[in-house]
Each structure stands twice: as C-alpha cells, then as structure tokens.
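In what follows, a single structure is set out as structure tokens and then discussed.
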Amino acid sequence: MEKLKRAIFNISSMSLLTILTVVFIFPFYWVITGSFKTRADNLKLPPIWFVSKPTLESWQVLFKQPAWQWLFNSIFISITTMLLVCLVSAAAGYVLAKKRFYGDKFLFSMFVFAMALPKQVVLVPLVKQVSFMGFHNTLWAVILPAIGWPFGIFLMKQFSEIVPSELLEAAKIDGCSEIKIFTDIVIPMVKPGIAALAIFTFISSWNDYFLQLIMLNARSNLTLQLGLATLQGEFATDYGVLMAGASLAAIPIVVMFIAFQKSFTQGITIGAVKG
C-alpha cells in the first residue's frame with residue numbers, strides 16, 4: 001500500500017512538473033520561432049505554431065539598427081554593476097556582521113528600510129545628483145546609482161554571519177591585515193552568497209528599463225531594451241524583429257545563470273539553513 005501511494009505521488013508530481021515546464025518554456029519557444037517567421041506569418045490567425053519555412057529576415061532588419069551597440073551597452077552596464085555591487089555589498093556586509101561600532105544597528109536598519117522604498121520615490125534627487133556629477137546621458141548614470149543596493153548589503157550581511165569570529169581573531173593574531181582577512185578568508189567563505197547576488201544583480205540591472213529610460217537619451221547610449229522599444233511603430237509593428245531582439249536579449253541571462261548555477265543553488269541552500 002505504501003509503495004502504491006509513493007508511485008501515485010511520483011507520477012502526479014512528474015505530471016505536474018511536466019505541465020509547468022511546458023507552460024514556462026512555451027513563451028521562449030514562441031519568441032524564438034517567431035523571430036524566424038515572415039512578417040505575414042507572425043500576423044496570421046489562427047497562429048502558426050511551427051516554422052515551415054524559416055527566414056532570417058527579422059534578424060537582418062534587427063542588425064540594420066545599431067543592435068550590436070545596444071547589446072554592448074546592456075552587457076557593459078550589467079557586468080560592471082554586478083562586479084561593483086558584489087564588491088561593495090560583500091565589504092559592507094562583512095563590516096556590519098563582524099565589526100562593532102557606534103550606530104551599526106541603526107545603519108543596518110536604514111538599509112533594511114531602504115529596501116522598502118520604491119525607486120520612483122528617490123528618482124528626482126537621483127537624477128539631480130547624477131546630472132551634478134556630469135554623468136547624465138552616459139552609461140555610468142545607470143551604473144552608479146545601483147552600487148549601494150540595499151538588498152545586496154542585507155544579503156551579504158546575512159552570509160557574513162556564518163564566518164566564525166574565532167577564525168578572524170586567529171588571523172589577526174597571525175598578523176593578517178584587514179584587507180588580507182577580507183580577501184583570503186571572508187570572500188572564499190561567502191562565495192555562494194556572492195554568486196547568488198551576482199545573478200540577482202545582473203538580472204535586475206539587465207531588466208531595469210525604468211532607470212535606463214530616464215537616464216539615457218542618445219541613440220548610441222541606448223540599451224538593448226530601450227533600442228527595441230524604439231522599433232515599435234505608431235501604426236504598425238514588426239513583431240518578428242521584436243522577437244529576434246527578445247531572443248538576443250535572453251541569451252546573456254541564460255549564459256549567466258548556467259555559469260553560476262552550481263554556486264547559486266549552494267548559496268540558496270546555505271541561506272535557507274542556519275546554524
């Protein structure tokens with residue numbers, strides 16, 4: 001009886017997972033196949049589910065635009081933001097977790113409260129500050145405001161808590177400097193958390209359409225997401241070109257997740273189990 005229940009549970013679970021997999025994968029399938037259809041096929045009703053005569057017409061139209069420049073801008077913004085956020089968050093998280101100073105708990109509370117603030121609330125002073133620094137309408141106007149991401153500092157503070165204080169004290173007795181302790185002891189121990197933060201930061205920066213829309217105006221500085229938005233006509237839109245652009249925009253996300261998948265899974269596991 002127990003084996004029968006287990007078999008029923010396994011079959012039900014696999015059936016449910018298969019259905020959910022198909023549901024989640026179908027939009028990607030539709031976008032990728034749509035990029036190889038003709039413009040007429042993309043507008044047909046009922047829709048054409050399979051590509052009978054694939055064409056590169058949409059991709060050719062896409063790359064007649066400065067698509068490579070848009071792609072480079074998106075990758076540069078996302079990777080630079082990811083590296084700076086991981087560095088600053090790891091350092092700040094370590095200090096908040098292992099150093100005791102006046103106002104440390106208040107400072108950490110401010111970061112927690114800042115996580116609840118919508119980006120629109122601080123948009124006006126943010127734009128003024130970036131303009132005052134001379135970075136408006138440059139790629140750095142999107143990168144710099146993201147460096148002190150409160151969620152990143154909160155996450156790395158939680159991961160830094162697992163570093164044994166005794167180990168840090170032993171390193172100090174052996175004559176290690178603070179920088180060496182941070183780079184040689186703390187960083188390797190919180191690496192799963194950094195990997196998880198790297199994925200979160202990259203995806204957040206890659207999809208941050210709102211801030212990019214406000215900060216970037218010049219066509220040469222547009223990201224891939226903004227560039228694709230300019231291809232939508234007022235009276236007609238070539239959906240094949242948009243699907244080609246969407247397929248291109250999905251590639252870095254997939255590559256990023258595959259590269260950090262093992263560390264990301266480990267980081268989620270460590271973060272979920274305390275002690």
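Just so we're on the same page: first chain in the structure tokens is A, next is B, and so on; residues restart at 1 for each chain, and ligands are numbered from 1 in the order they show up.
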(request) Tell me, as a list in words, which residues lie within 10 Å of A:Glu161, counting only C-alpha atoms; anything in the same chain fewer than 2 positions away does not count. (result)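 The neighbour list is Gly93, Tyr94, Leu96, Ala97, Lys98, Met156, Lys157, Gln158, Phe159, Val163, Pro164, Ser165, Val190, Lys274 and Gly275 of chain A.
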Do a neighbour search on A:His136 at 12 Å with only C-alpha atoms, toss out local chain neighbours closer than 4 positions, and write the hits as a PDB file with C-alpha atoms, in the first residue's frame.
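Result went into around.pdb, see below:
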ATOM      1  CA  LEU A 126      18.902  60.824  -8.026  1.00  0.00           C
ATOM      2  CA  VAL A 127      18.650  62.469 -11.450  1.00  0.00           C
ATOM      3  CA  LYS A 128      19.796  65.812  -9.996  1.00  0.00           C
ATOM      4  CA  GLN A 129      22.766  64.204  -8.285  1.00  0.00           C
ATOM      5  CA  VAL A 130      23.840  62.302 -11.399  1.00  0.00           C
ATOM      6  CA  SER A 131      23.477  65.472 -13.507  1.00  0.00           C
ATOM      7  CA  PHE A 132      25.502  67.470 -10.973  1.00  0.00           C
ATOM      8  CA  TRP A 140      27.596  55.469 -15.716  1.00  0.00           C
ATOM      9  CA  ALA A 141      24.352  57.289 -14.938  1.00  0.00           C
ATOM     10  CA  VAL A 142      22.710  53.853 -14.751  1.00  0.00           C
ATOM     11  CA  ILE A 143      25.620  52.071 -13.031  1.00  0.00           C
ATOM     12  CA  LEU A 144      26.490  54.422 -10.163  1.00  0.00           C
ATOM     13  CA  PRO A 145      23.021  54.647  -8.508  1.00  0.00           C
ATOM     14  CA  LEU A 211      16.054  53.889 -14.789  1.00  0.00           C
ATOM     15  CA  GLN A 212      17.616  53.396 -18.220  1.00  0.00           C
ATOM     16  CA  LEU A 213      14.693  55.231 -19.823  1.00  0.00           C
ATOM     17  CA  ILE A 214      15.172  58.237 -17.535  1.00  0.00           C
ATOM     18  CA  MET A 215      18.976  58.406 -17.646  1.00  0.00           C
ATOM     19  CA  LEU A 216      19.764  57.580 -21.295  1.00  0.00           C
ATOM     20  CA  ASN A 217      18.691  59.711 -24.269  1.00  0.00           C
ATOM     21  CA  ALA A 218      21.332  59.480 -27.009  1.00  0.00           C
ATOM     22  CA  ASN A 221      23.846  55.043 -25.463  1.00  0.00           C
TER      23      ASN A 221
END
(request) Determine the nearest neighbour of A:Leu62 from the options A:Pro252, A:Gly240, A:Pro188, A:Pro118, counting only C-alpha atoms. (result) A:Gly240
(message) Restricting the calculation to only C-alpha atoms: of A:Ile8, A:Val241, A:Ala250, A:Leu168, which residue gets closest to A:Phe182?
(response)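 Under the stated criterion, the closest residue is A:Leu168.
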Test item: residues at most 12 Å from A:Ile185, only C-alpha atoms, excluding those fewer than 6 positions along its chain, as a PDB file with N, CA, C and O atoms, in the first residue's frame:
ATOM      1  N   TYR A  94      30.268  42.403   5.457  1.00  0.00           N
ATOM      2  CA  TYR A  94      31.265  41.902   6.410  1.00  0.00           C
ATOM      3  C   TYR A  94      31.423  42.858   7.586  1.00  0.00           C
ATOM      4  O   TYR A  94      31.472  42.444   8.752  1.00  0.00           O
ATOM      5  N   SER A 160      27.710  36.800   5.836  1.00  0.00           N
ATOM      6  CA  SER A 160      28.925  37.036   6.620  1.00  0.00           C
ATOM      7  C   SER A 160      28.780  36.572   8.054  1.00  0.00           C
ATOM      8  O   SER A 160      29.785  36.351   8.750  1.00  0.00           O
ATOM      9  N   ILE A 162      27.950  33.716   8.988  1.00  0.00           N
ATOM     10  CA  ILE A 162      28.400  32.326   9.119  1.00  0.00           C
ATOM     11  C   ILE A 162      29.914  32.222   9.277  1.00  0.00           C
ATOM     12  O   ILE A 162      30.429  31.155   9.613  1.00  0.00           O
ATOM     13  N   VAL A 163      30.649  33.316   9.040  1.00  0.00           N
ATOM     14  CA  VAL A 163      32.100  33.297   9.193  1.00  0.00           C
ATOM     15  C   VAL A 163      32.436  33.259  10.688  1.00  0.00           C
ATOM     16  O   VAL A 163      32.031  34.158  11.435  1.00  0.00           O
ATOM     17  N   PRO A 164      33.165  32.239  11.161  1.00  0.00           N
ATOM     18  CA  PRO A 164      33.479  32.143  12.596  1.00  0.00           C
ATOM     19  C   PRO A 164      34.337  33.322  13.060  1.00  0.00           C
ATOM     20  O   PRO A 164      35.370  33.628  12.458  1.00  0.00           O
ATOM     21  N   SER A 165      33.919  33.966  14.126  1.00  0.00           N
ATOM     22  CA  SER A 165      34.684  35.092  14.671  1.00  0.00           C
ATOM     23  C   SER A 165      36.042  34.627  15.192  1.00  0.00           C
ATOM     24  O   SER A 165      37.027  35.383  15.156  1.00  0.00           O
ATOM     25  N   GLU A 166      36.107  33.375  15.680  1.00  0.00           N
ATOM     26  CA  GLU A 166      37.372  32.840  16.182  1.00  0.00           C
ATOM     27  C   GLU A 166      38.426  32.772  15.086  1.00  0.00           C
ATOM     28  O   GLU A 166      39.617  33.000  15.319  1.00  0.00           O
ATOM     29  N   LEU A 167      37.962  32.423  13.866  1.00  0.00           N
ATOM     30  CA  LEU A 167      38.879  32.341  12.731  1.00  0.00           C
ATOM     31  C   LEU A 167      39.451  33.717  12.387  1.00  0.00           C
ATOM     32  O   LEU A 167      40.646  33.855  12.079  1.00  0.00           O
ATOM     33  N   LEU A 168      38.621  34.733  12.474  1.00  0.00           N
ATOM     34  CA  LEU A 168      39.084  36.097  12.199  1.00  0.00           C
ATOM     35  C   LEU A 168      40.068  36.567  13.267  1.00  0.00           C
ATOM     36  O   LEU A 168      41.074  37.218  12.956  1.00  0.00           O
ATOM     37  N   GLU A 169      39.792  36.220  14.514  1.00  0.00           N
ATOM     38  CA  GLU A 169      40.699  36.595  15.593  1.00  0.00           C
ATOM     39  C   GLU A 169      42.041  35.903  15.442  1.00  0.00           C
ATOM     40  O   GLU A 169      43.104  36.503  15.665  1.00  0.00           O
ATOM     41  N   ALA A 170      42.007  34.627  15.048  1.00  0.00           N
ATOM     42  CA  ALA A 170      43.257  33.883  14.838  1.00  0.00           C
ATOM     43  C   ALA A 170      44.071  34.510  13.709  1.00  0.00           C
ATOM     44  O   ALA A 170      45.309  34.593  13.788  1.00  0.00           O
ATOM     45  N   ALA A 171      43.394  34.964  12.670  1.00  0.00           N
ATOM     46  CA  ALA A 171      44.096  35.601  11.553  1.00  0.00           C
ATOM     47  C   ALA A 171      44.743  36.908  11.996  1.00  0.00           C
ATOM     48  O   ALA A 171      45.866  37.233  11.567  1.00  0.00           O
ATOM     49  N   LYS A 172      44.061  37.650  12.866  1.00  0.00           N
ATOM     50  CA  LYS A 172      44.640  38.903  13.367  1.00  0.00           C
ATOM     51  C   LYS A 172      45.874  38.636  14.210  1.00  0.00           C
ATOM     52  O   LYS A 172      46.884  39.349  14.124  1.00  0.00           O
ATOM     53  N   CYS A 176      47.615  39.127  10.044  1.00  0.00           N
ATOM     54  CA  CYS A 176      46.919  39.443   8.791  1.00  0.00           C
ATOM     55  C   CYS A 176      46.284  40.829   8.876  1.00  0.00           C
ATOM     56  O   CYS A 176      45.706  41.190   9.904  1.00  0.00           O
ATOM     57  N   SER A 177      46.389  41.579   7.803  1.00  0.00           N
ATOM     58  CA  SER A 177      45.725  42.874   7.743  1.00  0.00           C
ATOM     59  C   SER A 177      44.239  42.679   7.459  1.00  0.00           C
ATOM     60  O   SER A 177      43.805  41.589   7.085  1.00  0.00           O
ATOM     61  N   GLU A 178      43.469  43.748   7.638  1.00  0.00           N
ATOM     62  CA  GLU A 178      42.026  43.655   7.394  1.00  0.00           C
ATOM     63  C   GLU A 178      41.731  43.301   5.940  1.00  0.00           C
ATOM     64  O   GLU A 178      40.826  42.521   5.649  1.00  0.00           O
ATOM     65  N   ILE A 179      42.508  43.876   5.029  1.00  0.00           N
ATOM     66  CA  ILE A 179      42.284  43.585   3.607  1.00  0.00           C
ATOM     67  C   ILE A 179      42.564  42.119   3.304  1.00  0.00           C
ATOM     68  O   ILE A 179      41.821  41.454   2.572  1.00  0.00           O
ATOM     69  N   LYS A 191      31.447  32.967  -0.775  1.00  0.00           N
ATOM     70  CA  LYS A 191      31.387  32.900  -2.239  1.00  0.00           C
ATOM     71  C   LYS A 191      30.015  32.464  -2.759  1.00  0.00           C
ATOM     72  O   LYS A 191      29.542  33.016  -3.757  1.00  0.00           O
TER      73      LYS A 191
END
(message) Ranking A:Gln69, A:Val121, A:Phe200, A:Pro192 by minimum distance to A:Gln225 and counting only C-alpha atoms, which one comes first?
(response)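 Answer, going by the shortest atom-to-atom distance: A:Gln69.
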(message) My list of candidates is A:Asn73, A:Ser247, A:Ser78, A:Ser52. Which is closest to A:Thr223 when distances are computed with only C-alpha atoms?
(response)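 Looking only at the distances to A:Thr223, the closest residue turns out to be A:Asn73.
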(request) Write out as a VMD selection string which residues come within 6 Å of stretch 31-43 of chain A when counting only C-alpha atoms, dropping same-chain ones fewer than 6 positions away. (result) chain A and resid 54 to 56 240 243 to 244 247
(request) Could you check how far atom CA of A:Leu231 sits from atom CA of A:Gly245, in Å to one decimal? (result)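 Taking atom CA of A:Leu231 as the start and atom CA of A:Gly245 as the end point, the length is 10.0 Å.
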(message) Would you pick out the contacts of A:Val85 at 10 Å or less, using only C-alpha atoms, so that residues sharing its chain but fewer than 3 positions from it are not included, and give the list as a list in words?
(response) Ile79, Thr80, Thr81, Met82, Val88, Ser89, Ala90, Ala91, Ile143, Leu144, Ala146, Ile147, Gly148, Trp149, Pro150, Gly152, Ile153, Ile194, Leu197, Ala198, Thr201 and Phe202 of chain A
Can those selected residues be exported to a file as a short mmCIF file (atom, residue, chain, number, x, y, z; two decimals), in the first residue's frame so that it contains all heavy atoms?
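Below is the file that was written, part04.cif:
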data_model
loop_
_atom_site.label_atom_id
_atom_site.label_comp_id
_atom_site.auth_asym_id
_atom_site.auth_seq_id
_atom_site.Cartn_x
_atom_site.Cartn_y
_atom_site.Cartn_z
N ILE A 79 27.31 43.93 -16.35
CA ILE A 79 28.50 43.30 -15.78
C ILE A 79 29.21 44.26 -14.82
O ILE A 79 29.62 43.86 -13.72
CB ILE A 79 29.46 42.83 -16.90
CG1 ILE A 79 28.85 41.65 -17.65
CG2 ILE A 79 30.82 42.44 -16.32
CD1 ILE A 79 29.72 41.10 -18.76
N THR A 80 29.36 45.52 -15.21
CA THR A 80 30.02 46.49 -14.34
C THR A 80 29.23 46.68 -13.05
O THR A 80 29.81 46.72 -11.95
CB THR A 80 30.18 47.84 -15.05
OG1 THR A 80 30.86 47.64 -16.30
CG2 THR A 80 30.98 48.81 -14.20
N THR A 81 27.92 46.81 -13.17
CA THR A 81 27.07 46.94 -11.98
C THR A 81 27.19 45.71 -11.10
O THR A 81 27.30 45.82 -9.87
CB THR A 81 25.60 47.14 -12.39
OG1 THR A 81 25.49 48.30 -13.21
CG2 THR A 81 24.71 47.31 -11.17
N MET A 82 27.17 44.53 -11.71
CA MET A 82 27.29 43.29 -10.95
C MET A 82 28.59 43.23 -10.15
O MET A 82 28.58 42.92 -8.95
CB MET A 82 27.20 42.10 -11.90
CG MET A 82 27.36 40.75 -11.23
SD MET A 82 27.50 39.42 -12.44
CE MET A 82 29.15 39.75 -13.11
N VAL A 88 31.13 45.98 -3.22
CA VAL A 88 30.69 46.90 -2.16
C VAL A 88 29.80 46.18 -1.14
O VAL A 88 29.96 46.36 0.07
CB VAL A 88 29.94 48.09 -2.79
CG1 VAL A 88 29.28 48.95 -1.70
CG2 VAL A 88 30.88 48.94 -3.62
N SER A 89 28.91 45.33 -1.61
CA SER A 89 27.99 44.62 -0.71
C SER A 89 28.74 43.63 0.17
O SER A 89 28.43 43.49 1.36
CB SER A 89 26.92 43.89 -1.51
OG SER A 89 26.13 44.80 -2.24
N ALA A 90 29.72 42.92 -0.40
CA ALA A 90 30.50 41.96 0.40
C ALA A 90 31.28 42.68 1.49
O ALA A 90 31.33 42.23 2.65
CB ALA A 90 31.44 41.17 -0.50
N ALA A 91 31.89 43.83 1.15
CA ALA A 91 32.65 44.58 2.15
C ALA A 91 31.73 45.16 3.22
O ALA A 91 32.01 45.05 4.42
CB ALA A 91 33.44 45.69 1.45
N ILE A 143 24.80 52.96 -13.87
CA ILE A 143 25.62 52.07 -13.03
C ILE A 143 25.76 52.61 -11.61
O ILE A 143 25.53 51.88 -10.63
CB ILE A 143 27.00 51.88 -13.67
CG1 ILE A 143 26.87 51.17 -15.01
CG2 ILE A 143 27.93 51.09 -12.74
CD1 ILE A 143 28.16 51.12 -15.82
N LEU A 144 26.15 53.87 -11.48
CA LEU A 144 26.49 54.42 -10.16
C LEU A 144 25.35 54.36 -9.14
O LEU A 144 25.58 54.02 -7.98
CB LEU A 144 26.99 55.86 -10.32
CG LEU A 144 28.32 56.02 -11.07
CD1 LEU A 144 28.69 57.49 -11.21
CD2 LEU A 144 29.44 55.28 -10.33
N ALA A 146 23.19 52.20 -8.68
CA ALA A 146 22.89 50.83 -8.26
C ALA A 146 23.95 50.24 -7.35
O ALA A 146 23.75 49.15 -6.79
CB ALA A 146 22.72 49.94 -9.50
N ILE A 147 25.10 50.91 -7.20
CA ILE A 147 26.22 50.29 -6.48
C ILE A 147 25.86 50.00 -5.02
O ILE A 147 26.17 48.94 -4.50
CB ILE A 147 27.47 51.20 -6.57
CG1 ILE A 147 27.97 51.25 -8.02
CG2 ILE A 147 28.57 50.68 -5.65
CD1 ILE A 147 29.16 52.16 -8.22
N GLY A 148 25.22 50.96 -4.35
CA GLY A 148 24.86 50.75 -2.95
C GLY A 148 23.50 50.08 -2.79
O GLY A 148 22.67 50.56 -2.02
N TRP A 149 23.27 48.98 -3.49
CA TRP A 149 21.98 48.30 -3.48
C TRP A 149 21.69 47.76 -2.07
O TRP A 149 22.42 46.89 -1.58
CB TRP A 149 22.00 47.15 -4.49
CG TRP A 149 20.66 46.57 -4.79
CD1 TRP A 149 19.45 47.14 -4.59
CD2 TRP A 149 20.39 45.27 -5.35
NE1 TRP A 149 18.43 46.31 -4.99
CE2 TRP A 149 18.99 45.15 -5.46
CE3 TRP A 149 21.21 44.21 -5.76
CZ2 TRP A 149 18.38 44.01 -5.96
CZ3 TRP A 149 20.61 43.08 -6.26
CH2 TRP A 149 19.20 42.98 -6.38
N PRO A 150 20.66 48.25 -1.38
CA PRO A 150 20.39 47.81 -0.01
C PRO A 150 20.17 46.30 0.11
O PRO A 150 20.63 45.69 1.08
CB PRO A 150 19.11 48.58 0.36
CG PRO A 150 19.12 49.78 -0.52
CD PRO A 150 19.73 49.33 -1.80
N GLY A 152 21.57 43.95 -1.64
CA GLY A 152 22.86 43.28 -1.71
C GLY A 152 23.60 43.34 -0.38
O GLY A 152 24.19 42.35 0.06
N ILE A 153 23.58 44.50 0.27
CA ILE A 153 24.23 44.65 1.57
C ILE A 153 23.54 43.78 2.61
O ILE A 153 24.20 43.11 3.43
CB ILE A 153 24.24 46.13 1.99
CG1 ILE A 153 25.08 46.94 0.99
CG2 ILE A 153 24.76 46.30 3.40
CD1 ILE A 153 25.02 48.43 1.20
N ILE A 194 27.89 35.49 -2.79
CA ILE A 194 28.31 36.41 -3.85
C ILE A 194 27.78 35.94 -5.20
O ILE A 194 27.34 36.74 -6.04
CB ILE A 194 29.84 36.54 -3.88
CG1 ILE A 194 30.33 37.22 -2.60
CG2 ILE A 194 30.30 37.33 -5.10
CD1 ILE A 194 31.84 37.33 -2.48
N LEU A 197 24.14 36.74 -5.32
CA LEU A 197 23.98 38.19 -5.50
C LEU A 197 24.34 38.60 -6.93
O LEU A 197 23.71 39.50 -7.50
CB LEU A 197 24.85 38.94 -4.50
CG LEU A 197 24.82 40.47 -4.58
CD1 LEU A 197 23.41 41.00 -4.35
CD2 LEU A 197 25.80 41.08 -3.58
N ALA A 198 25.35 37.95 -7.50
CA ALA A 198 25.76 38.28 -8.87
C ALA A 198 24.62 38.03 -9.85
O ALA A 198 24.36 38.85 -10.74
CB ALA A 198 26.99 37.44 -9.25
N THR A 201 21.83 40.63 -9.21
CA THR A 201 22.23 41.96 -9.68
C THR A 201 22.22 42.05 -11.20
O THR A 201 21.73 43.03 -11.78
CB THR A 201 23.63 42.32 -9.15
OG1 THR A 201 23.66 42.17 -7.73
CG2 THR A 201 23.99 43.75 -9.51
N PHE A 202 22.77 41.03 -11.85
CA PHE A 202 22.83 41.03 -13.31
C PHE A 202 21.43 41.09 -13.91
O PHE A 202 21.16 41.90 -14.80
CB PHE A 202 23.56 39.79 -13.81
CG PHE A 202 23.82 39.79 -15.29
CD1 PHE A 202 24.99 40.33 -15.80
CD2 PHE A 202 22.89 39.27 -16.18
CE1 PHE A 202 25.25 40.34 -17.16
CE2 PHE A 202 23.13 39.28 -17.55
CZ PHE A 202 24.30 39.82 -18.04
#
(request) Determine which residues of stretch 21-247 of chain A receive a DSSP assignment of helix (DSSP H, G or I), computed from the backbone, and state them as a count of residues only. (result) 164
(request) Compare A:Cys86, A:Ile48, A:Ile173, A:Leu222 by their minimum atom-to-atom distance to A:Ile187, counting only C-alpha atoms, and give me the closest one. (result)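 Checking each of A:Cys86, A:Ile48, A:Ile173, A:Leu222 against A:Ile187, counting only C-alpha atoms, the winner is A:Cys86.
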(request) Record the distance separating atom CA of A:Phe24 and atom CA of A:Thr230, expressed in Å with one decimal. (result)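 Separation of atom CA of A:Phe24 and atom CA of A:Thr230: 27.4 Å.
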